[in-house]
Protein chains: 2
Amino acid sequence: MTPQRITMITLAVADLEQSRTFYTALGWVEAEGGNDKIAFYKIAGQFFALYAKDALITDLGMPIHERSTGTITLATNYNSPKEVDCAFADAVAAGAIIITEPKEVFWGGYSGNFADPDGHLWEVAHNPFWALDDDGQLIGGT
Amino acid sequence: MTPQRITMITLAVADLEQSRTFYTALGWVEAEGGNDKIAFYKIAGQFFALYAKDALITDLGMPIHERSTGTITLATNYNSPKEVDCAFADAVAAGAIIITEPKEVFWGGYSGNFADPDGHLWEVAHNPFWALDDDGQLIGGT
């Protein structure tokens, strides 16, 4: 049985220095252990990593385009629509590509979407039905 | 400033029922709140979700192929190579596509890669330099 957990989220990136610059501009602080192929960021209970696409291709032993990977979106939730607007503006200022401007959405929340330099999709959202603790960790919902 | 956290990890899937069946076969238990477009799974401090690709396309207001999204890998770590072997075998039995068989890898750990029905890449790994708590949450490293 595969346990219901995720230890690390790794984004394959075309240009590691460009991506480091983007996430630094977002305010993220890199952890130790990185090099010219990988950058680690500690998040609650997990690592988030940026990994050079050519290195991942070597690890997997095949070109990534041979296995067209699925689309993943990563969401960060906030306590109010105003906080979503601020986060979205900060991301755009950091160089994010606008996908959808923050707005009220069909499921009862407030949400916008942007993409990082490699097209990785991030949602910034306020969900009035989900509670966050003081560290921003999800503590309940649905 | 964008906080250094991720609230939800969402995989776009071509066939939600096929994907539900795959993750159920892996041993994952669906949370409440899902429907014919989305399935939620509670993981520590986060939700993991499977979301119908056509619904995501509607949300984003564009075909996904217009914005070729980057490649993401999701990793679940284990306490030993033997546990990795078991998890890998379970995934293959559940219908996973083999990408790399588990083996000792260059960074000093033991790792294999498989893909789910949509090509989403999962790594199962033992990292002797990273510690997990009793719940499998990452508690240190690098």
# chains A, B, ... in the order shown; residues from 1 in each chain; ligands from 1
$ residues_around --residues "Lys53 in chain A" --least-positions-apart "4" --cutoff "8 Å" --atoms "only C-alpha atoms" --output "ChimeraX atom specification"
/A:12-14,57
$ interface_residues --of "chain B" --to "chain A" --cutoff "7 Å" --atoms "only C-alpha atoms" --output "ChimeraX atom specification"
/B:1-2,4-12,26-28,32-33,43-46,60,67-77,87,90,99-100,118-120,137-139,142
$ calpha_fit_and_write --fixed "chain B" --moving "chain A" --output "CSV table (one decimal) with N, CA and C atoms, in the first residue's frame"
chain,number,residue,atom,x,y,z
A,1,MET,N,4.6,39.5,-0.8
A,1,MET,CA,5.5,38.3,-0.7
A,1,MET,C,4.6,37.1,-0.7
A,2,THR,N,5.0,36.1,-1.4
A,2,THR,CA,4.2,34.9,-1.5
A,2,THR,C,4.8,33.9,-0.5
A,3,PRO,N,3.9,33.4,0.4
A,3,PRO,CA,4.4,32.6,1.5
A,3,PRO,C,4.9,31.2,1.0
A,4,GLN,N,5.9,30.7,1.7
A,4,GLN,CA,6.6,29.5,1.2
A,4,GLN,C,5.8,28.2,1.7
A,5,ARG,N,4.6,28.1,1.1
A,5,ARG,CA,3.8,26.9,1.4
A,5,ARG,C,2.9,26.6,0.2
A,6,ILE,N,2.4,25.3,0.2
A,6,ILE,CA,1.5,24.8,-0.8
A,6,ILE,C,0.3,24.2,-0.1
A,7,THR,N,-0.9,24.7,-0.5
A,7,THR,CA,-2.1,24.2,0.2
A,7,THR,C,-2.7,23.0,-0.5
A,8,MET,N,-2.7,22.9,-1.8
A,8,MET,CA,-3.3,21.8,-2.5
A,8,MET,C,-2.4,21.5,-3.7
A,9,ILE,N,-2.3,20.2,-4.0
A,9,ILE,CA,-1.6,19.7,-5.2
A,9,ILE,C,-2.7,19.1,-6.1
A,10,THR,N,-2.9,19.6,-7.3
A,10,THR,CA,-4.0,19.1,-8.1
A,10,THR,C,-3.5,18.5,-9.4
A,11,LEU,N,-3.8,17.3,-9.7
A,11,LEU,CA,-3.4,16.7,-10.9
A,11,LEU,C,-4.6,16.7,-11.9
A,12,ALA,N,-4.4,17.3,-13.1
A,12,ALA,CA,-5.4,17.3,-14.1
A,12,ALA,C,-5.4,15.9,-14.7
A,13,VAL,N,-6.6,15.3,-14.8
A,13,VAL,CA,-6.7,13.9,-15.3
A,13,VAL,C,-7.7,13.8,-16.5
A,14,ALA,N,-7.4,12.9,-17.4
A,14,ALA,CA,-8.2,12.8,-18.6
A,14,ALA,C,-9.5,12.1,-18.3
A,15,ASP,N,-9.5,11.1,-17.4
A,15,ASP,CA,-10.6,10.3,-17.1
A,15,ASP,C,-10.7,10.1,-15.5
A,16,LEU,N,-11.5,10.9,-14.9
A,16,LEU,CA,-11.5,10.9,-13.4
A,16,LEU,C,-11.8,9.6,-12.8
A,17,GLU,N,-12.7,8.8,-13.4
A,17,GLU,CA,-13.1,7.5,-12.8
A,17,GLU,C,-11.9,6.5,-12.9
A,18,GLN,N,-11.2,6.6,-14.0
A,18,GLN,CA,-10.0,5.7,-14.2
A,18,GLN,C,-8.9,6.1,-13.2
A,19,SER,N,-8.8,7.4,-12.9
A,19,SER,CA,-7.7,7.9,-12.0
A,19,SER,C,-8.2,7.6,-10.5
A,20,ARG,N,-9.4,7.8,-10.2
A,20,ARG,CA,-9.9,7.4,-8.9
A,20,ARG,C,-9.6,5.9,-8.6
A,21,THR,N,-9.8,5.1,-9.7
A,21,THR,CA,-9.6,3.6,-9.5
A,21,THR,C,-8.1,3.3,-9.2
A,22,PHE,N,-7.3,4.1,-9.9
A,22,PHE,CA,-5.8,3.9,-9.7
A,22,PHE,C,-5.4,4.3,-8.3
A,23,TYR,N,-5.8,5.4,-7.8
A,23,TYR,CA,-5.4,5.9,-6.5
A,23,TYR,C,-6.0,5.0,-5.4
A,24,THR,N,-7.2,4.6,-5.7
A,24,THR,CA,-7.9,3.6,-4.7
A,24,THR,C,-7.1,2.3,-4.6
A,25,ALA,N,-6.6,1.9,-5.8
A,25,ALA,CA,-5.8,0.6,-5.9
A,25,ALA,C,-4.5,0.8,-5.1
A,26,LEU,N,-4.0,2.0,-5.1
A,26,LEU,CA,-2.8,2.3,-4.4
A,26,LEU,C,-3.0,2.3,-2.9
A,27,GLY,N,-4.3,2.4,-2.5
A,27,GLY,CA,-4.6,2.4,-1.0
A,27,GLY,C,-5.0,3.7,-0.5
A,28,TRP,N,-5.2,4.7,-1.4
A,28,TRP,CA,-5.6,6.0,-0.9
A,28,TRP,C,-7.1,6.1,-0.7
A,29,VAL,N,-7.5,6.8,0.3
A,29,VAL,CA,-8.9,6.9,0.7
A,29,VAL,C,-9.4,8.3,0.4
A,30,GLU,N,-10.4,8.4,-0.4
A,30,GLU,CA,-11.0,9.7,-0.8
A,30,GLU,C,-11.7,10.4,0.3
A,31,ALA,N,-11.5,11.7,0.4
A,31,ALA,CA,-12.2,12.5,1.4
A,31,ALA,C,-13.6,12.9,0.9
A,32,GLU,N,-14.4,13.5,1.7
A,32,GLU,CA,-15.7,14.0,1.3
A,32,GLU,C,-15.5,15.2,0.4
A,33,GLY,N,-16.6,15.6,-0.3
A,33,GLY,CA,-16.6,16.8,-1.1
A,33,GLY,C,-16.4,16.6,-2.6
A,34,GLY,N,-16.1,15.4,-3.0
A,34,GLY,CA,-15.8,15.2,-4.4
A,34,GLY,C,-17.1,15.0,-5.2
A,35,ASN,N,-16.9,15.0,-6.5
A,35,ASN,CA,-18.1,14.8,-7.4
A,35,ASN,C,-17.6,14.2,-8.7
A,36,ASP,N,-18.3,14.4,-9.8
A,36,ASP,CA,-17.9,13.8,-11.0
A,36,ASP,C,-16.8,14.6,-11.8
A,37,LYS,N,-16.4,15.7,-11.2
A,37,LYS,CA,-15.3,16.5,-11.7
A,37,LYS,C,-14.0,16.5,-10.9
A,38,ILE,N,-14.1,16.2,-9.6
A,38,ILE,CA,-13.0,16.4,-8.7
A,38,ILE,C,-13.0,15.3,-7.6
A,39,ALA,N,-11.9,14.9,-7.2
A,39,ALA,CA,-11.7,13.9,-6.0
A,39,ALA,C,-10.7,14.5,-5.1
A,40,PHE,N,-11.0,14.6,-3.8
A,40,PHE,CA,-10.1,15.1,-2.8
A,40,PHE,C,-9.5,14.0,-2.0
A,41,TYR,N,-8.2,14.2,-1.6
A,41,TYR,CA,-7.5,13.2,-0.7
A,41,TYR,C,-6.8,14.1,0.3
A,42,LYS,N,-7.1,13.8,1.6
A,42,LYS,CA,-6.4,14.6,2.7
A,42,LYS,C,-5.0,14.0,2.9
A,43,ILE,N,-4.0,14.9,2.8
A,43,ILE,CA,-2.7,14.5,3.2
A,43,ILE,C,-2.3,15.5,4.3
A,44,ALA,N,-1.2,15.2,5.0
A,44,ALA,CA,-0.8,16.0,6.1
A,44,ALA,C,-0.7,17.5,5.8
A,45,GLY,N,-1.6,18.3,6.3
A,45,GLY,CA,-1.5,19.7,6.1
A,45,GLY,C,-1.9,20.2,4.8
A,46,GLN,N,-2.4,19.3,3.9
A,46,GLN,CA,-2.7,19.7,2.5
A,46,GLN,C,-3.9,18.8,2.0
A,47,PHE,N,-4.4,19.3,0.9
A,47,PHE,CA,-5.2,18.4,0.1
A,47,PHE,C,-4.5,18.1,-1.2
A,48,PHE,N,-4.7,16.8,-1.7
A,48,PHE,CA,-4.2,16.4,-3.0
A,48,PHE,C,-5.5,16.1,-3.7
A,49,ALA,N,-5.6,16.6,-5.0
A,49,ALA,CA,-6.9,16.4,-5.7
A,49,ALA,C,-6.6,15.9,-7.1
A,50,LEU,N,-7.6,15.2,-7.7
A,50,LEU,CA,-7.7,14.8,-9.1
A,50,LEU,C,-8.8,15.6,-9.7
A,51,TYR,N,-8.5,16.3,-10.8
A,51,TYR,CA,-9.5,17.2,-11.3
A,51,TYR,C,-9.6,17.0,-12.8
A,52,ALA,N,-10.8,16.8,-13.3
A,52,ALA,CA,-11.1,16.5,-14.7
A,52,ALA,C,-10.4,17.6,-15.6
A,53,LYS,N,-9.7,17.2,-16.6
A,53,LYS,CA,-8.9,18.1,-17.4
A,53,LYS,C,-9.8,19.1,-18.1
A,54,ASP,N,-11.0,18.7,-18.6
A,54,ASP,CA,-11.9,19.6,-19.3
A,54,ASP,C,-12.4,20.7,-18.3
A,55,ALA,N,-12.6,20.4,-17.0
A,55,ALA,CA,-13.0,21.4,-16.1
A,55,ALA,C,-11.9,22.4,-15.8
A,56,LEU,N,-10.6,21.9,-15.8
A,56,LEU,CA,-9.5,22.8,-15.6
A,56,LEU,C,-9.4,23.8,-16.8
A,57,ILE,N,-9.5,23.2,-18.0
A,57,ILE,CA,-9.5,24.0,-19.2
A,57,ILE,C,-10.5,25.1,-19.1
A,58,THR,N,-11.7,24.8,-18.7
A,58,THR,CA,-12.8,25.8,-18.5
A,58,THR,C,-12.4,26.9,-17.5
A,59,ASP,N,-11.8,26.4,-16.3
A,59,ASP,CA,-11.4,27.4,-15.3
A,59,ASP,C,-10.4,28.3,-15.8
A,60,LEU,N,-9.4,27.8,-16.5
A,60,LEU,CA,-8.3,28.6,-17.0
A,60,LEU,C,-8.6,29.4,-18.2
A,61,GLY,N,-9.7,29.0,-18.9
A,61,GLY,CA,-10.1,29.8,-20.1
A,61,GLY,C,-9.2,29.6,-21.3
A,62,MET,N,-8.5,28.5,-21.4
A,62,MET,CA,-7.7,28.2,-22.5
A,62,MET,C,-7.4,26.7,-22.6
A,63,PRO,N,-7.1,26.2,-23.8
A,63,PRO,CA,-6.7,24.8,-23.8
A,63,PRO,C,-5.3,24.6,-23.1
A,64,ILE,N,-5.2,23.5,-22.4
A,64,ILE,CA,-3.9,23.3,-21.7
A,64,ILE,C,-2.7,23.2,-22.6
A,65,HIS,N,-3.0,22.7,-23.8
A,65,HIS,CA,-1.8,22.6,-24.8
A,65,HIS,C,-1.4,24.0,-25.2
A,66,GLU,N,-2.2,25.0,-25.1
A,66,GLU,CA,-1.7,26.4,-25.4
A,66,GLU,C,-0.6,26.8,-24.4
A,67,ARG,N,-0.8,26.4,-23.2
A,67,ARG,CA,0.3,26.7,-22.2
A,67,ARG,C,0.9,25.3,-21.8
A,68,SER,N,1.9,24.9,-22.4
A,68,SER,CA,2.5,23.6,-22.1
A,68,SER,C,3.1,23.7,-20.7
A,69,THR,N,2.5,23.0,-19.8
A,69,THR,CA,2.9,23.1,-18.4
A,69,THR,C,4.2,22.4,-18.2
A,70,GLY,N,4.9,22.8,-17.2
A,70,GLY,CA,6.2,22.2,-16.8
A,70,GLY,C,6.0,20.8,-16.3
A,71,THR,N,7.1,20.1,-16.2
A,71,THR,CA,7.1,18.7,-15.6
A,71,THR,C,7.3,18.8,-14.1
A,72,ILE,N,6.4,18.2,-13.4
A,72,ILE,CA,6.5,18.1,-11.9
A,72,ILE,C,6.7,16.6,-11.5
A,73,THR,N,7.5,16.3,-10.6
A,73,THR,CA,7.5,15.0,-10.0
A,73,THR,C,7.1,15.1,-8.5
A,74,LEU,N,6.4,14.1,-8.1
A,74,LEU,CA,6.0,14.0,-6.7
A,74,LEU,C,6.7,12.8,-6.1
A,75,ALA,N,7.3,13.0,-4.9
A,75,ALA,CA,8.1,12.0,-4.3
A,75,ALA,C,7.4,11.5,-3.0
A,76,THR,N,7.4,10.3,-2.7
A,76,THR,CA,7.1,9.8,-1.4
A,76,THR,C,8.3,9.0,-0.9
A,77,ASN,N,8.8,9.4,0.3
A,77,ASN,CA,10.0,8.7,0.9
A,77,ASN,C,9.6,7.6,1.9
A,78,TYR,N,10.6,6.7,2.0
A,78,TYR,CA,10.4,5.5,2.9
A,78,TYR,C,11.6,5.4,3.7
A,79,ASN,N,11.5,4.5,4.7
A,79,ASN,CA,12.6,4.3,5.7
A,79,ASN,C,13.7,3.4,5.3
A,80,SER,N,13.5,2.6,4.2
A,80,SER,CA,14.5,1.7,3.7
A,80,SER,C,14.3,1.3,2.3
A,81,PRO,N,15.4,0.8,1.6
A,81,PRO,CA,15.2,0.3,0.2
A,81,PRO,C,14.2,-0.8,0.1
A,82,LYS,N,14.1,-1.6,1.1
A,82,LYS,CA,13.1,-2.7,1.0
A,82,LYS,C,11.6,-2.1,1.0
A,83,GLU,N,11.4,-1.1,1.8
A,83,GLU,CA,10.1,-0.4,1.7
A,83,GLU,C,9.8,0.2,0.4
A,84,VAL,N,10.9,0.7,-0.2
A,84,VAL,CA,10.7,1.3,-1.6
A,84,VAL,C,10.3,0.2,-2.6
A,85,ASP,N,11.0,-0.9,-2.5
A,85,ASP,CA,10.7,-2.0,-3.4
A,85,ASP,C,9.2,-2.5,-3.2
A,86,CYS,N,8.8,-2.6,-2.0
A,86,CYS,CA,7.4,-3.0,-1.8
A,86,CYS,C,6.4,-1.9,-2.3
A,87,ALA,N,6.7,-0.7,-2.1
A,87,ALA,CA,5.8,0.4,-2.6
A,87,ALA,C,5.8,0.4,-4.1
A,88,PHE,N,6.9,0.2,-4.7
A,88,PHE,CA,7.0,0.2,-6.2
A,88,PHE,C,6.2,-1.0,-6.7
A,89,ALA,N,6.4,-2.2,-6.1
A,89,ALA,CA,5.6,-3.4,-6.6
A,89,ALA,C,4.1,-3.1,-6.4
A,90,ASP,N,3.7,-2.5,-5.3
A,90,ASP,CA,2.3,-2.2,-5.1
A,90,ASP,C,1.8,-1.3,-6.2
A,91,ALA,N,2.6,-0.3,-6.6
A,91,ALA,CA,2.1,0.7,-7.6
A,91,ALA,C,2.0,0.0,-8.9
A,92,VAL,N,3.0,-0.9,-9.3
A,92,VAL,CA,2.9,-1.6,-10.5
A,92,VAL,C,1.6,-2.5,-10.5
A,93,ALA,N,1.4,-3.1,-9.4
A,93,ALA,CA,0.2,-4.0,-9.3
A,93,ALA,C,-1.1,-3.2,-9.5
A,94,ALA,N,-1.0,-1.9,-9.1
A,94,ALA,CA,-2.2,-1.0,-9.2
A,94,ALA,C,-2.4,-0.5,-10.6
A,95,GLY,N,-1.4,-0.8,-11.5
A,95,GLY,CA,-1.5,-0.3,-12.9
A,95,GLY,C,-0.6,0.8,-13.3
A,96,ALA,N,0.4,1.1,-12.4
A,96,ALA,CA,1.4,2.2,-12.7
A,96,ALA,C,2.2,1.8,-13.9
A,97,ILE,N,2.7,2.7,-14.6
A,97,ILE,CA,3.6,2.5,-15.7
A,97,ILE,C,5.1,2.6,-15.2
A,98,ILE,N,5.9,1.6,-15.4
A,98,ILE,CA,7.3,1.6,-14.9
A,98,ILE,C,8.1,2.6,-15.7
A,99,ILE,N,8.8,3.5,-15.0
A,99,ILE,CA,9.7,4.5,-15.7
A,99,ILE,C,11.1,4.0,-15.3
A,100,THR,N,11.5,3.9,-14.1
A,100,THR,CA,12.8,3.3,-13.7
A,100,THR,C,12.6,2.4,-12.5
A,101,GLU,N,13.1,1.2,-12.6
A,101,GLU,CA,13.0,0.3,-11.5
A,101,GLU,C,13.8,0.9,-10.3
A,102,PRO,N,13.4,0.6,-9.1
A,102,PRO,CA,14.2,1.1,-7.9
A,102,PRO,C,15.7,0.6,-8.0
A,103,LYS,N,16.6,1.5,-7.7
A,103,LYS,CA,18.0,1.2,-7.7
A,103,LYS,C,18.8,2.2,-6.9
A,104,GLU,N,20.0,1.9,-6.6
A,104,GLU,CA,20.8,2.9,-5.9
A,104,GLU,C,21.1,4.0,-6.9
A,105,VAL,N,21.0,5.3,-6.4
A,105,VAL,CA,21.2,6.4,-7.4
A,105,VAL,C,22.3,7.3,-6.9
A,106,PHE,N,22.7,8.2,-7.8
A,106,PHE,CA,23.9,9.0,-7.7
A,106,PHE,C,24.0,9.9,-6.4
A,107,TRP,N,22.8,10.3,-5.9
A,107,TRP,CA,22.9,11.2,-4.7
A,107,TRP,C,22.9,10.4,-3.4
A,108,GLY,N,23.1,9.1,-3.5
A,108,GLY,CA,23.3,8.3,-2.3
A,108,GLY,C,22.1,7.6,-1.7
A,109,GLY,N,21.0,7.7,-2.4
A,109,GLY,CA,19.8,7.1,-2.0
A,109,GLY,C,19.4,5.9,-2.9
A,110,TYR,N,18.1,5.5,-2.7
A,110,TYR,CA,17.6,4.3,-3.5
A,110,TYR,C,16.2,4.8,-4.0
A,111,SER,N,16.0,4.7,-5.3
A,111,SER,CA,14.9,5.4,-5.9
A,111,SER,C,14.4,4.7,-7.1
A,112,GLY,N,13.1,4.7,-7.3
A,112,GLY,CA,12.4,4.3,-8.5
A,112,GLY,C,11.4,5.3,-8.9
A,113,ASN,N,11.0,5.2,-10.2
A,113,ASN,CA,10.0,6.2,-10.7
A,113,ASN,C,8.9,5.4,-11.5
A,114,PHE,N,7.6,5.8,-11.2
A,114,PHE,CA,6.5,5.3,-12.0
A,114,PHE,C,5.6,6.4,-12.4
A,115,ALA,N,4.7,6.1,-13.4
A,115,ALA,CA,3.7,7.1,-13.8
A,115,ALA,C,2.3,6.6,-13.6
A,116,ASP,N,1.4,7.5,-13.2
A,116,ASP,CA,0.0,7.2,-13.1
A,116,ASP,C,-0.6,7.2,-14.5
A,117,PRO,N,-1.9,7.0,-14.6
A,117,PRO,CA,-2.5,6.8,-15.9
A,117,PRO,C,-2.4,8.0,-16.8
A,118,ASP,N,-2.2,9.2,-16.2
A,118,ASP,CA,-2.1,10.4,-17.1
A,118,ASP,C,-0.6,10.8,-17.3
A,119,GLY,N,0.3,10.0,-16.8
A,119,GLY,CA,1.7,10.3,-17.0
A,119,GLY,C,2.3,11.1,-15.8
A,120,HIS,N,1.6,11.4,-14.8
A,120,HIS,CA,2.1,12.1,-13.6
A,120,HIS,C,3.2,11.3,-13.0
A,121,LEU,N,4.4,11.9,-12.8
A,121,LEU,CA,5.5,11.1,-12.4
A,121,LEU,C,5.6,11.1,-10.8
A,122,TRP,N,5.7,9.9,-10.3
A,122,TRP,CA,5.9,9.7,-8.8
A,122,TRP,C,7.3,9.0,-8.6
A,123,GLU,N,8.0,9.5,-7.7
A,123,GLU,CA,9.3,8.9,-7.3
A,123,GLU,C,9.0,8.2,-5.9
A,124,VAL,N,9.5,7.0,-5.8
A,124,VAL,CA,9.5,6.3,-4.4
A,124,VAL,C,10.9,6.2,-4.1
A,125,ALA,N,11.3,6.7,-2.9
A,125,ALA,CA,12.7,6.9,-2.5
A,125,ALA,C,13.0,6.6,-1.1
A,126,HIS,N,14.2,6.1,-0.9
A,126,HIS,CA,14.8,6.1,0.5
A,126,HIS,C,16.0,7.1,0.4
A,127,ASN,N,15.9,8.1,1.3
A,127,ASN,CA,17.0,9.0,1.4
A,127,ASN,C,17.7,8.9,2.8
A,128,PRO,N,18.9,8.3,2.9
A,128,PRO,CA,19.4,8.1,4.2
A,128,PRO,C,19.8,9.4,4.9
A,129,PHE,N,19.7,10.5,4.2
A,129,PHE,CA,20.1,11.8,4.8
A,129,PHE,C,18.9,12.6,5.3
A,130,TRP,N,17.7,12.1,5.0
A,130,TRP,CA,16.5,12.8,5.4
A,130,TRP,C,15.7,11.9,6.4
A,131,ALA,N,15.2,12.5,7.5
A,131,ALA,CA,14.5,11.7,8.5
A,131,ALA,C,13.0,12.0,8.4
A,132,LEU,N,12.2,10.9,8.6
A,132,LEU,CA,10.8,11.0,8.6
A,132,LEU,C,10.3,10.7,10.0
A,133,ASP,N,9.2,11.4,10.4
A,133,ASP,CA,8.6,11.1,11.7
A,133,ASP,C,7.7,9.9,11.6
A,134,ASP,N,7.0,9.5,12.7
A,134,ASP,CA,6.2,8.3,12.7
A,134,ASP,C,5.0,8.4,11.8
A,135,ASP,N,4.6,9.6,11.4
A,135,ASP,CA,3.6,9.7,10.4
A,135,ASP,C,4.1,9.8,9.0
A,136,GLY,N,5.4,9.7,8.8
A,136,GLY,CA,6.0,9.8,7.5
A,136,GLY,C,6.2,11.2,7.0
A,137,GLN,N,6.0,12.2,7.9
A,137,GLN,CA,6.3,13.6,7.6
A,137,GLN,C,7.8,13.9,7.6
A,138,LEU,N,8.3,14.7,6.7
A,138,LEU,CA,9.7,15.0,6.7
A,138,LEU,C,10.0,15.9,7.9
A,139,ILE,N,11.0,15.5,8.7
A,139,ILE,CA,11.4,16.4,9.8
A,139,ILE,C,12.7,17.0,9.7
A,140,GLY,N,13.5,16.7,8.7
A,140,GLY,CA,14.8,17.3,8.6
A,140,GLY,C,15.5,16.9,7.3
A,141,GLY,N,16.6,17.5,7.1
A,141,GLY,CA,17.4,17.1,5.9
A,141,GLY,C,18.2,18.2,5.4
A,142,THR,N,19.1,17.8,4.5
A,142,THR,CA,20.1,18.7,3.9
A,142,THR,C,20.7,19.7,5.0
$ select_by_dssp --residues "range 17-120 of chain A" --states "alpha helix (DSSP H)" --output "number ranges by chain"
A: 17-25, 53-60, 81-93
$ write_last_selection --atoms "C-alpha atoms" --output "short mmCIF file (atom, residue, chain, number, x, y, z; two decimals), in the first residue's frame"
data_model
loop_
_atom_site.label_atom_id
_atom_site.label_comp_id
_atom_site.auth_asym_id
_atom_site.auth_seq_id
_atom_site.Cartn_x
_atom_site.Cartn_y
_atom_site.Cartn_z
CA GLU A 17 19.12 30.29 -12.51
CA GLN A 18 16.12 32.00 -14.13
CA SER A 19 13.78 29.94 -11.94
CA ARG A 20 15.82 30.60 -8.78
CA THR A 21 15.53 34.31 -9.57
CA PHE A 22 11.75 34.03 -9.97
CA TYR A 23 11.15 32.19 -6.67
CA THR A 24 13.56 34.51 -4.85
CA ALA A 25 11.58 37.45 -6.23
CA LYS A 53 15.18 19.50 -16.89
CA ASP A 54 18.26 17.95 -18.52
CA ALA A 55 19.19 16.29 -15.21
CA LEU A 56 15.67 14.87 -14.82
CA ILE A 57 15.80 13.51 -18.38
CA THR A 58 19.08 11.77 -17.47
CA ASP A 59 17.57 10.34 -14.26
CA LEU A 60 14.49 9.02 -16.05
CA PRO A 81 -9.72 38.00 -1.14
CA LYS A 82 -7.60 41.06 -0.37
CA GLU A 83 -4.65 38.84 0.56
CA VAL A 84 -5.17 36.95 -2.71
CA ASP A 85 -5.04 40.23 -4.65
CA CYS A 86 -1.79 41.21 -2.91
CA ALA A 87 -0.19 37.82 -3.53
CA PHE A 88 -1.23 37.90 -7.18
CA ALA A 89 0.19 41.41 -7.65
CA ASP A 90 3.44 40.33 -6.00
CA ALA A 91 3.70 37.33 -8.32
CA VAL A 92 3.11 39.47 -11.40
CA ALA A 93 5.74 41.91 -10.15
#
$ select_by_dssp --residues "chain B" --states "strand (DSSP E or B)" --output "PyMOL selection string"
chain B and resi 8-13+38-43+46-52+72-78+97-104+110-115+121-126+132+138
